[in-house]
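With mmCIF, C-alpha atoms inside, this is entry.cif:
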```cif
data_model
loop_
_atom_site.label_atom_id
_atom_site.label_comp_id
_atom_site.auth_asym_id
_atom_site.auth_seq_id
_atom_site.Cartn_x
_atom_site.Cartn_y
_atom_site.Cartn_z
CA MET T 1 -89.05 -131.30 -25.07
CA LYS T 2 -92.24 -132.64 -23.48
CA VAL T 3 -95.31 -130.39 -23.74
CA VAL T 4 -98.68 -130.71 -21.97
CA PHE T 5 -101.73 -128.71 -23.06
CA ILE T 6 -104.35 -127.84 -20.47
CA GLY T 7 -107.30 -127.05 -22.72
CA ALA T 8 -108.56 -128.36 -26.05
CA GLY T 9 -110.34 -125.39 -27.56
CA ASN T 10 -109.59 -123.28 -30.61
CA VAL T 11 -106.21 -121.92 -29.51
CA ALA T 12 -105.04 -125.18 -27.96
CA THR T 13 -106.00 -127.14 -31.07
CA ARG T 14 -104.21 -124.98 -33.61
CA LEU T 15 -101.19 -124.27 -31.39
CA SER T 16 -100.64 -127.90 -30.37
CA LEU T 17 -100.90 -129.14 -33.95
CA GLU T 18 -98.45 -126.51 -35.14
CA MET T 19 -96.02 -127.22 -32.31
CA GLN T 20 -96.08 -130.89 -33.19
CA ARG T 21 -95.55 -130.07 -36.87
CA VAL T 22 -92.36 -128.13 -36.12
CA GLY T 23 -90.98 -130.86 -33.88
CA PHE T 24 -92.24 -130.44 -30.33
CA GLN T 25 -93.37 -133.56 -28.47
CA ILE T 26 -96.95 -133.14 -27.29
CA GLU T 27 -97.31 -135.63 -24.44
CA GLN T 28 -100.81 -135.02 -23.13
CA ILE T 29 -104.04 -133.07 -23.55
CA TYR T 30 -106.30 -132.15 -20.66
CA SER T 31 -109.88 -130.97 -20.96
CA HIS T 32 -112.82 -131.29 -18.58
CA THR T 33 -114.81 -132.39 -21.65
CA GLU T 34 -113.92 -135.96 -22.60
CA GLY T 35 -114.92 -135.58 -26.23
CA SER T 36 -112.71 -132.55 -26.78
CA ALA T 37 -109.72 -134.08 -25.02
CA ALA T 38 -110.01 -137.39 -26.86
CA LEU T 39 -110.49 -135.79 -30.27
CA LEU T 40 -107.43 -133.54 -30.05
CA ALA T 41 -105.32 -136.28 -28.48
CA GLU T 42 -106.25 -138.59 -31.36
CA GLN T 43 -105.08 -135.96 -33.87
CA LEU T 44 -101.81 -135.60 -32.00
CA GLY T 45 -101.31 -139.26 -31.16
CA CYS T 46 -100.88 -138.58 -27.44
CA SER T 47 -102.59 -139.37 -24.14
CA TRP T 48 -105.44 -137.36 -22.66
CA ALA T 49 -107.04 -136.71 -19.28
CA THR T 50 -110.20 -135.16 -17.87
CA GLN T 51 -108.90 -134.88 -14.32
CA VAL T 52 -105.99 -132.64 -13.35
CA SER T 53 -104.81 -135.32 -10.92
CA HIS T 54 -103.99 -137.46 -13.98
CA LEU T 55 -101.65 -134.90 -15.56
CA ILE T 56 -98.06 -136.04 -16.01
CA ASP T 57 -95.66 -134.15 -13.76
CA ASP T 58 -92.38 -134.35 -15.68
CA ALA T 59 -93.10 -132.23 -18.77
CA ASP T 60 -90.88 -129.29 -19.69
CA LEU T 61 -93.72 -126.96 -20.68
CA TYR T 62 -97.34 -126.72 -19.54
CA ILE T 63 -99.55 -124.55 -21.74
CA PHE T 64 -102.80 -123.38 -20.13
CA SER T 65 -105.17 -122.47 -22.95
CA LEU T 66 -108.50 -121.96 -21.21
CA LYS T 67 -111.34 -119.48 -20.83
CA ASP T 68 -110.34 -116.54 -18.66
CA ALA T 69 -113.16 -117.33 -16.21
CA VAL T 70 -111.68 -120.72 -15.26
CA LEU T 71 -107.96 -120.13 -15.84
CA GLU T 72 -106.96 -119.28 -12.29
CA SER T 73 -109.03 -122.02 -10.65
CA VAL T 74 -107.56 -124.68 -12.95
CA ILE T 75 -104.03 -123.39 -12.34
CA ARG T 76 -104.55 -123.68 -8.58
CA SER T 77 -105.86 -127.23 -8.95
CA VAL T 78 -102.73 -128.52 -10.73
CA THR T 79 -99.96 -129.81 -8.49
CA PRO T 80 -96.81 -127.66 -8.84
CA ASN T 81 -93.81 -129.20 -10.61
CA LYS T 82 -90.50 -128.13 -12.16
CA GLY T 83 -91.85 -127.30 -15.64
CA LEU T 84 -92.46 -123.86 -17.09
CA TRP T 85 -96.16 -122.99 -16.93
CA VAL T 86 -97.56 -120.46 -19.43
CA HIS T 87 -100.99 -119.25 -20.43
CA THR T 88 -102.10 -118.03 -23.86
CA ALA T 89 -104.61 -115.36 -22.79
CA GLY T 90 -104.37 -111.77 -23.96
CA SER T 91 -106.32 -110.26 -21.10
CA MET T 92 -105.04 -112.26 -18.11
CA PRO T 93 -101.97 -110.98 -16.20
CA LEU T 94 -98.78 -112.90 -15.59
CA SER T 95 -99.56 -112.76 -11.88
CA VAL T 96 -102.36 -115.32 -12.24
CA PHE T 97 -99.67 -117.94 -11.51
CA GLU T 98 -98.08 -116.06 -8.63
CA GLY T 99 -97.73 -117.88 -5.33
CA HIS T 100 -98.45 -121.30 -6.83
CA ILE T 101 -95.54 -122.13 -9.12
CA GLU T 102 -91.98 -120.82 -9.40
CA ARG T 103 -91.53 -120.77 -13.18
CA TYR T 104 -94.32 -119.19 -15.18
CA GLY T 105 -95.01 -116.97 -18.16
CA VAL T 106 -97.22 -115.96 -21.06
CA LEU T 107 -97.22 -117.23 -24.66
CA TYR T 108 -99.81 -115.06 -26.42
CA PRO T 109 -100.39 -115.45 -30.18
CA LEU T 110 -102.22 -112.44 -31.62
CA GLN T 111 -104.55 -114.20 -34.04
CA THR T 112 -108.09 -115.52 -34.33
CA PHE T 113 -108.25 -119.30 -34.27
CA SER T 114 -110.88 -121.89 -35.16
CA LYS T 115 -110.40 -125.61 -34.61
CA GLU T 116 -111.30 -126.51 -38.19
CA ARG T 117 -109.21 -123.85 -39.96
CA PRO T 118 -105.41 -124.13 -40.29
CA VAL T 119 -103.49 -120.85 -40.18
CA ASN T 120 -99.99 -119.80 -41.24
CA PHE T 121 -98.04 -119.33 -38.02
CA ASN T 122 -94.96 -117.85 -39.71
CA ASN T 123 -96.08 -114.24 -39.35
CA ILE T 124 -98.35 -114.45 -36.31
CA PRO T 125 -97.07 -112.03 -33.65
CA PHE T 126 -96.25 -113.83 -30.39
CA PHE T 127 -96.01 -111.79 -27.20
CA LEU T 128 -94.13 -113.21 -24.24
CA GLU T 129 -93.63 -112.55 -20.56
CA THR T 130 -91.81 -114.58 -17.91
CA SER T 131 -91.49 -114.48 -14.13
CA LEU T 132 -87.78 -115.37 -14.22
CA ASP T 133 -85.20 -113.73 -16.47
CA GLU T 134 -83.54 -117.09 -17.07
CA ASP T 135 -86.75 -118.43 -18.68
CA ALA T 136 -87.00 -115.56 -21.19
CA ASP T 137 -84.65 -117.12 -23.74
CA PHE T 138 -86.19 -120.56 -23.20
CA LEU T 139 -89.67 -119.27 -24.03
CA LYS T 140 -88.39 -117.08 -26.87
CA ASN T 141 -86.76 -120.10 -28.50
CA ILE T 142 -90.06 -121.98 -28.33
CA ALA T 143 -92.02 -119.09 -29.86
CA SER T 144 -89.34 -118.50 -32.51
CA ALA T 145 -89.75 -122.08 -33.71
CA LEU T 146 -93.34 -121.17 -34.54
CA SER T 147 -93.08 -117.60 -35.81
CA GLY T 148 -90.56 -115.02 -36.98
CA ASN T 149 -92.45 -112.30 -35.12
CA VAL T 150 -91.70 -112.65 -31.40
CA SER T 151 -91.40 -109.95 -28.74
CA PHE T 152 -91.94 -109.29 -25.04
CA LEU T 153 -94.74 -107.20 -23.53
CA THR T 154 -95.80 -106.45 -19.97
CA SER T 155 -99.18 -107.63 -18.75
CA GLU T 156 -100.48 -104.06 -18.94
CA GLN T 157 -99.34 -103.64 -22.54
CA ARG T 158 -100.78 -107.01 -23.50
CA SER T 159 -104.16 -106.21 -21.94
CA ARG T 160 -104.39 -103.05 -24.10
CA LEU T 161 -103.33 -105.03 -27.17
CA HIS T 162 -106.03 -107.61 -26.47
CA LEU T 163 -108.60 -104.82 -26.14
CA ALA T 164 -107.54 -103.48 -29.54
CA ALA T 165 -107.76 -107.01 -30.97
CA VAL T 166 -111.38 -107.28 -29.84
CA PHE T 167 -112.19 -104.13 -31.81
CA VAL T 168 -110.39 -105.08 -35.03
CA CYS T 169 -111.34 -108.78 -35.02
CA ASN T 170 -114.39 -109.67 -32.94
CA PHE T 171 -116.29 -106.41 -33.45
CA ALA T 172 -115.37 -106.21 -37.14
CA ASN T 173 -116.52 -109.81 -37.67
CA HIS T 174 -119.80 -108.99 -35.91
CA MET T 175 -120.33 -106.21 -38.46
CA PHE T 176 -119.81 -108.81 -41.22
CA ALA T 177 -122.42 -111.00 -39.54
CA LEU T 178 -124.95 -108.17 -39.29
CA GLY T 179 -124.38 -107.16 -42.92
CA SER T 180 -124.94 -110.77 -44.01
CA LYS T 181 -128.14 -110.89 -42.00
CA ILE T 182 -129.49 -107.72 -43.65
CA VAL T 183 -128.97 -108.93 -47.21
CA LYS T 184 -130.20 -112.46 -46.48
CA GLU T 185 -133.57 -111.04 -45.44
CA TYR T 186 -134.02 -109.75 -48.99
CA GLY T 187 -132.84 -112.86 -50.79
CA ILE T 188 -129.34 -111.61 -51.57
CA ASP T 189 -126.40 -114.01 -51.25
CA PRO T 190 -124.03 -112.64 -48.57
CA ALA T 191 -121.11 -113.84 -50.73
CA VAL T 192 -121.53 -110.69 -52.82
CA LEU T 193 -120.08 -108.80 -49.84
CA LEU T 194 -116.82 -110.76 -49.81
CA PRO T 195 -114.91 -108.68 -52.40
CA LEU T 196 -115.85 -105.57 -50.43
CA ILE T 197 -114.70 -107.16 -47.16
CA ASP T 198 -111.46 -108.29 -48.78
CA GLU T 199 -110.66 -104.84 -50.18
CA THR T 200 -111.58 -103.15 -46.89
CA THR T 201 -109.02 -105.22 -44.99
CA ALA T 202 -106.43 -105.13 -47.78
CA LYS T 203 -106.39 -101.32 -47.94
CA ILE T 204 -105.02 -100.89 -44.44
CA HIS T 205 -101.82 -102.68 -45.42
CA SER T 206 -100.87 -99.63 -47.49
CA MET T 207 -102.70 -96.78 -45.72
CA SER T 208 -103.91 -96.00 -42.24
CA PRO T 209 -107.46 -97.02 -41.25
CA GLN T 210 -108.32 -93.33 -40.96
CA GLN T 211 -107.18 -92.69 -44.55
CA ALA T 212 -109.01 -95.78 -45.79
CA GLN T 213 -112.33 -94.82 -44.21
CA THR T 214 -115.13 -94.13 -46.69
CA GLY T 215 -118.92 -94.02 -46.55
CA PRO T 216 -121.64 -91.59 -45.49
CA ALA T 217 -120.47 -91.24 -41.89
CA VAL T 218 -117.05 -89.73 -42.74
CA ARG T 219 -118.61 -86.30 -43.32
CA TYR T 220 -121.89 -87.26 -41.72
CA ASP T 221 -124.12 -87.27 -44.80
CA GLU T 222 -127.40 -86.98 -42.92
CA ASN T 223 -129.61 -87.69 -45.96
CA VAL T 224 -128.02 -91.13 -46.51
CA ILE T 225 -127.79 -91.88 -42.80
CA GLU T 226 -131.46 -91.08 -42.19
CA ARG T 227 -132.45 -93.18 -45.21
CA HIS T 228 -130.48 -96.13 -43.87
CA LEU T 229 -132.00 -95.75 -40.42
CA SER T 230 -135.48 -95.79 -41.93
CA LEU T 231 -134.73 -99.17 -43.51
CA LEU T 232 -133.81 -100.72 -40.17
CA ALA T 233 -136.84 -102.07 -38.35
CA ASP T 234 -134.70 -103.50 -35.56
CA GLU T 235 -134.09 -100.81 -32.91
CA HIS T 236 -130.94 -102.59 -31.77
CA LEU T 237 -129.45 -102.28 -35.26
CA LYS T 238 -130.46 -98.61 -35.41
CA ILE T 239 -128.53 -97.93 -32.20
CA ILE T 240 -125.46 -99.74 -33.56
CA TYR T 241 -125.65 -97.83 -36.87
CA GLN T 242 -125.99 -94.46 -35.14
CA THR T 243 -123.25 -95.15 -32.59
CA ILE T 244 -120.75 -96.38 -35.19
CA SER T 245 -121.57 -93.53 -37.57
CA GLN T 246 -121.00 -90.96 -34.84
CA SER T 247 -117.71 -92.62 -33.89
CA ILE T 248 -116.52 -92.67 -37.53
CA TYR T 249 -117.31 -88.98 -37.90
CA LYS T 250 -115.53 -88.12 -34.65
CA GLU T 251 -112.40 -90.10 -35.54
CA SER T 252 -112.20 -89.06 -39.18
CA THR T 253 -109.62 -86.55 -40.36
CA HIS T 254 -111.22 -83.50 -41.96
CA GLU T 255 -109.43 -81.05 -44.19
#
```

Spit out the file's structure as structure tokens when you get a sec.
Amino acid sequence: MKVVFIGAGNVATRLSLEMQRVGFQIEQIYSHTEGSAALLAEQLGCSWATQVSHLIDDADLYIFSLKDAVLESVIRSVTPNKGLWVHTAGSMPLSVFEGHIERYGVLYPLQTFSKERPVNFNNIPFFLETSLDEDADFLKNIASALSGNVSFLTSEQRSRLHLAAVFVCNFANHMFALGSKIVKEYGIDPAVLLPLIDETTAKIHSMSPQQAQTGPAVRYDENVIERHLSLLADEHLKIIYQTISQSIYKESTHE
């Protein structure tokens, strides 16, 4: 099976390398940035292009792994062919392909990816959607070669899942970044927070996030909260602290 990747960012890098590892033939990488295209193509041992007019037209699968803001415009700039076109975005609908190509779908891996960091694909949930029923098994077989956790979702379901993912991944990581910043200012190595971060995420494998919640905001301990607020000189951080504390209190289960 011939595969072309349109994009060379975090998702495209990890997904293309994994697909090659399990036996797929990556034929070409496209990116508007020459350095990114050439670097990933060198890792894969395939050709690369920086112009959509140079894309090969006889591949079986075209994977569009691009920023949401440019996804539709790039799709419309690629000449239609007989391959199956899919995107990897959580928040973009299946219909982004509509009216341009006959066979299209979604191959969405629910995970955070960085170019430099390999991940274990075996248990990454993949969520699929196709325009044609006859392509459903074709795409499922591709995803199943990568992961044992494959299912189908509608665009509406996937958009809500992506929203949840932003909360549990991007927002949570931002909290880690802010915590690191606070301790760094007082000469404390942020690494001391890692066991706490690890236990926080590990707990929710055996209990619900609501049950795992601890800290002063659960029962709104105003003495501690006010003391913490007085330590924050940055008004932006104060707003974040207050907003999150109020949300924790509202969502917590009280006996």

Requested in this report: Please write the residues picked by the PyMOL selection byres ((chain T and resi 86) around 6) on this file as a ChimeraX atom specification.
Outcome: /T:63,85,87,104-106

Query - Residues returned when the PyMOL selection byres ((chain T and resi 214) around 12) runs on this file, as an MDAnalysis selection string - result: chainID T and resid 200 203 209:213 215:221 245 248:249 252:253

Report task. Report as an MDAnalysis selection string the residues that result from applying the PyMOL selection byres ((chain T and resi 146-159) around 12) to the structure here. Result -> chainID T and resid 14:24 87:96 105:110 119:131 133 136:137 139:145 160:166

Report summary line: Separating CA of Leu44 (chain T) from CA of Lys115 (chain T), to the nearest tenth of an Å, is a gap of 13.4 Å

Query - Atom-to-atom span, CA of Lys238 (chain T) and CA of Glu226 (chain T), Å - result: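 For CA of Lys238 (chain T) relative to CA of Glu226 (chain T), the distance reads 10.2 Å.
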
Query - Residues near region 173-185 of chain T, cut-off 12 Å, all atoms listed in the file, skip fewer than 2 positions along chain, as a PyMOL selection string - result: chain T and resi 112+165-171+187-194+196-198+200-201+228+231-234+236-238+240-241+244

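CA of Phe5 (chain T) is positioned 14.8 Å from CA of Asn81 (chain T).
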
**Report entry** Residue among T:Ala59, T:Val11, T:Ile204, T:Ile75 lying closest to Leu40 (chain T), counting all atoms listed in the file
**Finding:** T:Val11

Expected axis-aligned box over every listed atom of region 4-15 of chain T, 8 Å added per side, centre plus edges in Å to one decimal, as JSON:
```
{"center_x": -104.5, "center_y": -126.3, "center_z": -27.0, "size_x": 27.7, "size_y": 24.8, "size_z": 29.1}
```

Find the spatial neighbours of Leu66 (chain T), counting only C-alpha atoms, within a cut-off of 8 Å - ignore same-chain residues fewer than 3 positions away - and output them as a compact mmCIF listing (two decimals) with C-alpha atoms, keeping the file's coordinate frame.
```txt
# COMPACT_ATOMS: atom_id res chain seq x y z
CA ILE T 6 -104.35 -127.84 -20.47
CA GLY T 7 -107.30 -127.05 -22.72
CA GLY T 9 -110.34 -125.39 -27.56
CA VAL T 70 -111.68 -120.72 -15.26
CA LEU T 71 -107.96 -120.13 -15.84
CA THR T 88 -102.10 -118.03 -23.86
CA ALA T 89 -104.61 -115.36 -22.79
```

**Report entry** Shell around His32 (chain T) at 8 Å using all atoms listed in the file, local window under 4 positions removed, as a ChimeraX atom specification
**Finding:** /T:37,49-51

Query raised in the report: From the list T:Glu72, T:Val4, T:Asn10, T:Ser77, which residue is nearest Trp48 (chain T) when using all atoms listed in the file?
Result: T:Val4

Report task. Name the closest residue to Phe64 (chain T) among the candidates T:Ala12, T:Met1, T:Cys46, T:Met207; distances are taken between atoms, counting all atoms listed in the file. Result ->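 When distances to Phe64 (chain T) are compared using all atoms listed in the file, the smallest one comes from T:Ala12.
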
Report summary line: Judged by only C-alpha atoms, the minimum distance to Glu116 (chain T) among T:Thr13, T:Thr33, T:Val74, T:Tyr62 is found for T:Thr13

Report task. May I ask which of the residues T:Asp60, T:Ile101, T:Arg76, T:Val3 is the closest one to Ser47 (chain T), counting all atoms listed in the file? Result ->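 Result for the nearest residue to Ser47 (chain T): T:Val3.
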